Amino acid sequence: MRMDGKIAVVTGGATGIGAATALKLCELGASVAVLDRNAEVAEETVGTLRERGYRASFHLCDVAVESRMEEAMAEVVDRYGALHVLVSNAGIQRYGDVVSTSAKVWDETFDVHVKGCFHATKFAIPAMLASGGGAIVIVASVQSFTAVNNSAAYVAAKHALMGITRSVALDFASRNIRANCVCPGAVDTPMLRGTAEMTGSPEKLIQTLGRMHALGRIARPGEIANAIAFLASDAASFITGTSLIVDGGLLVPTGGMGFQESGIGTEGKG
Ligand SMILES: NC(=O)c1ccc[n+]([C@@H]2O[C@H](COP(=O)([O-])OP(=O)(O)OC[C@H]3O[C@@H](n4cnc5c(N)ncnc54)[C@H](O)[C@@H]3O)[C@@H](O)[C@H]2O)c1
């Protein structure tokens with residue numbers, strides 16, 4: 001899984017899963033460019049990487065803005081001379097069913113997740129082709145296969161990312177570019193903490209979410225970063241167009257953990 005000499009872009013790399021991924025890729029030997037719209041936090045994240053002796057840089061970029069993505073990718077290639085890895089991770093959480101979701105919120109959600117990923121792949125792939133090939137990892141979700149209530153735009157956007165993954169994988173396989181997605185369950189990041197705060201009893205929500213995962217807890221960002229790094233590395237050289245579910249067993253039990261807690265299957269035990 002070593003990535004010495006590799007140049008990587010991580011979108012949304014200021015916090016959460018993206019920041020953990022930037023660190024992991026650096027630890028494996030890559031140089032990492034963080035693209036994010038939150039300059040203050042991203043500068044801090046990149047500063048910490050540099051203090052540890054890693055090669056890293058911050059490029060201000062709203063992934064929803066095509067011209068800015070094009071410029072930011074050009075900055076990365078100018079700075080490092082190549083591009084081998086793209087982690088398309090930037091995301092936002094928005095709530096509402098299809099009736100209560102405004103067109104503005106729908107567009108905002110799709111602009112960041114879907115158009116953001118379109119822009120990132122659109123401008124990363126030519127640079128990868130010029131570098132002899134590369135690997136793309138798109139951060140999707142368990143909500144790429146399933147739905148949770150009151151999250152219509154987010155669920156639909158995460159489903160769309162599966163389509164981008166498969167299209168890119170198919171269209172560029174012959175030119176040495178692989179594309180896969182990682183589908184996390186609940187992960188302890190600022191995004192999830194923000195959602196938890198909305199409930200008024202955040203710790204209770206985190207614990208409840210933990211119980212829904214077969215492993216009995218939510219993920220640490222570094223655990224998702226490990227899966228992303230694997231798919232981005234040459235260790236995954238024959239893996240393309242697929243999705244890796246990293247959910248602590250969230251999707252395993254029929255009917256969710258509540259079904260297990262009902263006591264079914266205990267009859268006759270002992
Ligand atoms: N946390 C979870 O439970 C969870 C579960 C499944 C999937 N995900 C997905 O993982 C990804 C990362 O989420 P996270 O939990 O680390 O969230 P987070 O809020 O901690 O981090 C998201 C990052 O994306 C950046 N960002 C948001 N919009 C942007 C834009 N328009 N342009 C550039 N940067 C932008 C933010 O500034 C931030 O640095 C998201 O795609 C999210 O949907 C998260």
# chains A, B, ... in the order shown; residues from 1 in each chain; ligands from 1
>>> select_by_dssp(residues="segment 161-259 of chain A", states="strand (DSSP E or B)", output="count of residues only")
14
>>> residues_around(residues="Phe118 of chain A", least_positions_apart="5", cutoff="12 Å", atoms="only C-alpha atoms", output="MDAnalysis selection string")
chainID A and resid 63:66 69:70 86 88:90 110:113 123:125 136 138 157 160:165 167:168
>>> write_last_selection(atoms="N, CA and C atoms", output="JSON list (two decimals), in the first residue's frame")
[["chain", "number", "residue", "atom", "x", "y", "z"],
["A", 63, "VAL", "N", -16.05, 22.97, -4.68],
["A", 63, "VAL", "CA", -16.12, 21.92, -5.72],
["A", 63, "VAL", "C", -17.29, 22.13, -6.68],
["A", 64, "ALA", "N", -18.27, 22.92, -6.25],
["A", 64, "ALA", "CA", -19.44, 23.16, -7.10],
["A", 64, "ALA", "C", -19.15, 24.14, -8.23],
["A", 65, "VAL", "N", -18.01, 24.83, -8.15],
["A", 65, "VAL", "CA", -17.69, 25.87, -9.15],
["A", 65, "VAL", "C", -16.67, 25.31, -10.15],
["A", 66, "GLU", "N", -17.14, 25.07, -11.37],
["A", 66, "GLU", "CA", -16.32, 24.39, -12.39],
["A", 66, "GLU", "C", -14.99, 25.11, -12.66],
["A", 69, "MET", "N", -12.50, 24.65, -9.90],
["A", 69, "MET", "CA", -11.94, 23.30, -9.87],
["A", 69, "MET", "C", -10.85, 23.15, -10.94],
["A", 70, "GLU", "N", -11.12, 23.71, -12.12],
["A", 70, "GLU", "CA", -10.14, 23.62, -13.20],
["A", 70, "GLU", "C", -8.83, 24.30, -12.79],
["A", 86, "LEU", "N", -7.12, 10.73, -6.92],
["A", 86, "LEU", "CA", -8.17, 11.69, -6.55],
["A", 86, "LEU", "C", -9.09, 11.04, -5.53],
["A", 88, "SER", "N", -12.55, 12.03, -4.07],
["A", 88, "SER", "CA", -13.65, 12.97, -4.17],
["A", 88, "SER", "C", -14.55, 12.76, -2.96],
["A", 89, "ASN", "N", -14.42, 13.68, -2.00],
["A", 89, "ASN", "CA", -15.01, 13.43, -0.68],
["A", 89, "ASN", "C", -15.89, 14.57, -0.17],
["A", 90, "ALA", "N", -15.73, 15.78, -0.71],
["A", 90, "ALA", "CA", -16.46, 16.93, -0.17],
["A", 90, "ALA", "C", -17.96, 16.65, -0.14],
["A", 110, "PHE", "N", -27.02, 18.58, -4.62],
["A", 110, "PHE", "CA", -26.49, 17.97, -5.85],
["A", 110, "PHE", "C", -25.25, 18.72, -6.37],
["A", 111, "ASP", "N", -25.23, 20.04, -6.16],
["A", 111, "ASP", "CA", -24.07, 20.82, -6.64],
["A", 111, "ASP", "C", -22.79, 20.38, -5.93],
["A", 112, "VAL", "N", -22.89, 20.13, -4.63],
["A", 112, "VAL", "CA", -21.68, 19.74, -3.88],
["A", 112, "VAL", "C", -21.33, 18.27, -4.16],
["A", 113, "HIS", "N", -22.29, 17.38, -3.97],
["A", 113, "HIS", "CA", -21.98, 15.94, -4.08],
["A", 113, "HIS", "C", -21.77, 15.50, -5.52],
["A", 123, "PHE", "N", -11.57, 17.21, -14.28],
["A", 123, "PHE", "CA", -10.27, 17.89, -14.40],
["A", 123, "PHE", "C", -9.11, 17.07, -13.85],
["A", 124, "ALA", "N", -9.41, 16.05, -13.06],
["A", 124, "ALA", "CA", -8.31, 15.19, -12.55],
["A", 124, "ALA", "C", -7.89, 14.18, -13.61],
["A", 125, "ILE", "N", -8.85, 13.65, -14.35],
["A", 125, "ILE", "CA", -8.53, 12.54, -15.28],
["A", 125, "ILE", "C", -7.52, 12.94, -16.36],
["A", 136, "ILE", "N", -9.08, 6.68, -8.61],
["A", 136, "ILE", "CA", -10.08, 7.62, -8.08],
["A", 136, "ILE", "C", -10.90, 6.89, -7.03],
["A", 138, "ILE", "N", -14.25, 7.66, -4.69],
["A", 138, "ILE", "CA", -15.37, 8.56, -4.44],
["A", 138, "ILE", "C", -16.00, 8.17, -3.11],
["A", 157, "ALA", "N", -28.46, 12.01, -4.12],
["A", 157, "ALA", "CA", -27.11, 12.42, -4.55],
["A", 157, "ALA", "C", -26.12, 11.28, -4.33],
["A", 160, "ALA", "N", -26.44, 8.75, -6.94],
["A", 160, "ALA", "CA", -25.86, 9.21, -8.21],
["A", 160, "ALA", "C", -24.35, 8.97, -8.26],
["A", 161, "LEU", "N", -23.69, 9.04, -7.11],
["A", 161, "LEU", "CA", -22.24, 8.84, -7.09],
["A", 161, "LEU", "C", -21.85, 7.43, -7.53],
["A", 162, "MET", "N", -22.74, 6.46, -7.32],
["A", 162, "MET", "CA", -22.47, 5.10, -7.80],
["A", 162, "MET", "C", -22.41, 5.10, -9.33],
["A", 163, "GLY", "N", -23.28, 5.90, -9.93],
["A", 163, "GLY", "CA", -23.30, 5.99, -11.40],
["A", 163, "GLY", "C", -22.03, 6.62, -11.94],
["A", 164, "ILE", "N", -21.55, 7.66, -11.27],
["A", 164, "ILE", "CA", -20.30, 8.29, -11.72],
["A", 164, "ILE", "C", -19.15, 7.29, -11.58],
["A", 165, "THR", "N", -19.13, 6.58, -10.46],
["A", 165, "THR", "CA", -18.05, 5.60, -10.22],
["A", 165, "THR", "C", -18.00, 4.58, -11.35],
["A", 167, "SER", "N", -19.36, 4.73, -14.39],
["A", 167, "SER", "CA", -19.09, 5.33, -15.70],
["A", 167, "SER", "C", -17.61, 5.61, -15.88],
["A", 168, "VAL", "N", -17.00, 6.21, -14.86],
["A", 168, "VAL", "CA", -15.57, 6.53, -14.96],
["A", 168, "VAL", "C", -14.76, 5.24, -15.06]]
>>> closest_residue(among="A:Asp4, A:Glu27, A:Asp247, A:Asp234", to="ligand 1", atoms="only C-alpha atoms and all ligand atoms")
A:Asp247
>>> residues_around(residues="Ala127 of chain A", least_positions_apart="4", cutoff="12 Å", atoms="only C-alpha atoms", output="list in words")
Ile7, Ala8, Val9, Glu70, Ala72, Met73, Ala74, Glu75, Val76, Val77, Asp78, Tyr80, Gly81, Ala82, Leu83, His84, Val85, Leu86, Ala120, Thr121, Lys122, Phe123, Ser131, Gly132, Gly133, Gly134, Ala135 and Ile177 of chain A
>>> residues_near_ligand(ligand="ligand 1", cutoff="9 Å", atoms="only C-alpha atoms and all ligand atoms", output="ChimeraX atom specification")
/A:11-20,35-39,41-42,60-65,88-93,108,111-113,116,138-143,154,158,182-194,218-219,221,224,247
>>> select_by_dssp(residues="segment 2-229 of chain A", states="alpha helix (DSSP H)", output="PyMOL selection string")
chain A and resi 16-27+39-51+66-80+103-110+116-130+152-172+190-198+202-212+221-229
>>> write_last_selection(atoms="C-alpha atoms", output="short mmCIF file (atom, residue, chain, number, x, y, z; two decimals), in the first residue's frame")
data_model
loop_
_atom_site.label_atom_id
_atom_site.label_comp_id
_atom_site.auth_asym_id
_atom_site.auth_seq_id
_atom_site.Cartn_x
_atom_site.Cartn_y
_atom_site.Cartn_z
CA GLY A 16 -13.56 14.63 9.10
CA ILE A 17 -12.99 11.77 6.67
CA GLY A 18 -11.11 14.00 4.21
CA ALA A 19 -8.61 15.23 6.81
CA ALA A 20 -8.05 11.65 8.05
CA THR A 21 -7.51 10.55 4.44
CA ALA A 22 -5.00 13.34 3.77
CA LEU A 23 -3.04 12.19 6.83
CA LYS A 24 -3.20 8.51 5.85
CA LEU A 25 -2.01 9.18 2.28
CA CYS A 26 0.86 11.30 3.64
CA GLU A 27 1.81 8.51 6.06
CA ALA A 39 -9.77 28.09 4.20
CA GLU A 40 -9.31 28.59 7.93
CA VAL A 41 -9.68 24.94 8.93
CA ALA A 42 -7.94 23.60 5.82
CA GLU A 43 -4.87 25.80 6.44
CA GLU A 44 -4.71 24.37 9.96
CA THR A 45 -5.04 20.76 8.73
CA VAL A 46 -2.36 21.24 6.07
CA GLY A 47 -0.14 23.14 8.55
CA THR A 48 -0.24 20.12 10.89
CA LEU A 49 0.74 17.78 8.04
CA ARG A 50 3.67 20.02 7.12
CA GLU A 51 4.80 20.26 10.76
CA GLU A 66 -16.32 24.39 -12.39
CA SER A 67 -13.85 27.19 -13.22
CA ARG A 68 -12.34 27.09 -9.73
CA MET A 69 -11.94 23.30 -9.87
CA GLU A 70 -10.14 23.62 -13.20
CA GLU A 71 -7.79 26.24 -11.75
CA ALA A 72 -7.15 24.28 -8.55
CA MET A 73 -6.24 21.09 -10.46
CA ALA A 74 -3.89 23.16 -12.65
CA GLU A 75 -2.27 24.59 -9.49
CA VAL A 76 -1.72 21.04 -8.20
CA VAL A 77 -0.09 19.87 -11.44
CA ASP A 78 2.06 23.04 -11.60
CA ARG A 79 3.22 22.48 -8.04
CA TYR A 80 3.86 18.72 -8.05
CA ALA A 103 -35.40 23.44 -5.06
CA LYS A 104 -32.58 25.55 -3.61
CA VAL A 105 -31.62 22.89 -1.06
CA TRP A 106 -31.98 20.13 -3.66
CA ASP A 107 -29.65 21.99 -6.04
CA GLU A 108 -27.19 22.83 -3.27
CA THR A 109 -26.95 19.16 -2.27
CA PHE A 110 -26.49 17.97 -5.85
CA GLY A 116 -18.57 18.50 -7.31
CA CYS A 117 -17.57 14.91 -8.11
CA PHE A 118 -18.20 15.51 -11.84
CA HIS A 119 -15.91 18.57 -11.76
CA ALA A 120 -13.21 16.77 -9.75
CA THR A 121 -13.12 13.76 -12.08
CA LYS A 122 -13.44 15.94 -15.20
CA PHE A 123 -10.27 17.89 -14.40
CA ALA A 124 -8.31 15.19 -12.55
CA ILE A 125 -8.53 12.54 -15.28
CA PRO A 126 -6.62 14.46 -18.00
CA ALA A 127 -3.85 15.14 -15.48
CA MET A 128 -3.82 11.44 -14.49
CA LEU A 129 -3.66 10.37 -18.14
CA ALA A 130 -0.66 12.66 -18.60
CA ALA A 152 -34.28 12.72 -0.02
CA ALA A 153 -31.72 15.01 -1.69
CA TYR A 154 -28.76 13.47 0.17
CA VAL A 155 -29.90 9.90 -0.56
CA ALA A 156 -30.49 10.67 -4.24
CA ALA A 157 -27.11 12.42 -4.55
CA LYS A 158 -25.30 9.49 -2.92
CA HIS A 159 -27.06 7.06 -5.29
CA ALA A 160 -25.86 9.21 -8.21
CA LEU A 161 -22.24 8.84 -7.09
CA MET A 162 -22.47 5.10 -7.80
CA GLY A 163 -23.30 5.99 -11.40
CA ILE A 164 -20.30 8.29 -11.72
CA THR A 165 -18.05 5.60 -10.22
CA ARG A 166 -19.20 2.95 -12.70
CA SER A 167 -19.09 5.33 -15.70
CA VAL A 168 -15.57 6.53 -14.96
CA ALA A 169 -14.39 2.97 -14.26
CA LEU A 170 -15.72 1.77 -17.61
CA ASP A 171 -14.68 4.74 -19.74
CA PHE A 172 -11.08 4.92 -18.50
CA PRO A 190 -18.08 17.39 12.35
CA MET A 191 -20.87 16.53 9.87
CA LEU A 192 -22.34 13.84 12.13
CA ARG A 193 -21.75 15.92 15.28
CA GLY A 194 -23.70 18.77 13.60
CA THR A 195 -26.60 16.41 12.96
CA ALA A 196 -26.39 15.12 16.52
CA GLU A 197 -26.53 18.68 17.92
CA MET A 198 -29.82 19.24 16.06
CA PRO A 202 -26.12 14.56 20.81
CA GLU A 203 -24.47 11.84 22.95
CA LYS A 204 -27.73 9.87 23.02
CA LEU A 205 -27.92 9.99 19.24
CA ILE A 206 -24.29 8.88 18.86
CA GLN A 207 -24.96 5.93 21.19
CA THR A 208 -28.19 5.01 19.40
CA LEU A 209 -26.38 5.11 16.05
CA GLY A 210 -23.62 2.95 17.54
CA ARG A 211 -26.14 0.26 18.52
CA MET A 212 -27.40 0.12 14.91
CA PRO A 221 -12.61 8.84 10.45
CA GLY A 222 -9.27 7.00 10.23
CA GLU A 223 -11.09 3.70 9.72
CA ILE A 224 -12.72 5.08 6.56
CA ALA A 225 -9.39 6.63 5.49
CA ASN A 226 -7.77 3.16 5.65
CA ALA A 227 -10.31 1.79 3.15
CA ILE A 228 -9.91 4.83 0.88
CA ALA A 229 -6.12 4.48 0.96
#
>>> atom_distance(atom1="atom CA of Gly241 of chain A", atom2="atom CA of Asn180 of chain A")
5.1 Å
>>> closest_residue(among="A:Gln260, A:Thr266, A:Thr240, A:Thr101", to="Ser174 of chain A", atoms="only C-alpha atoms")
A:Thr240
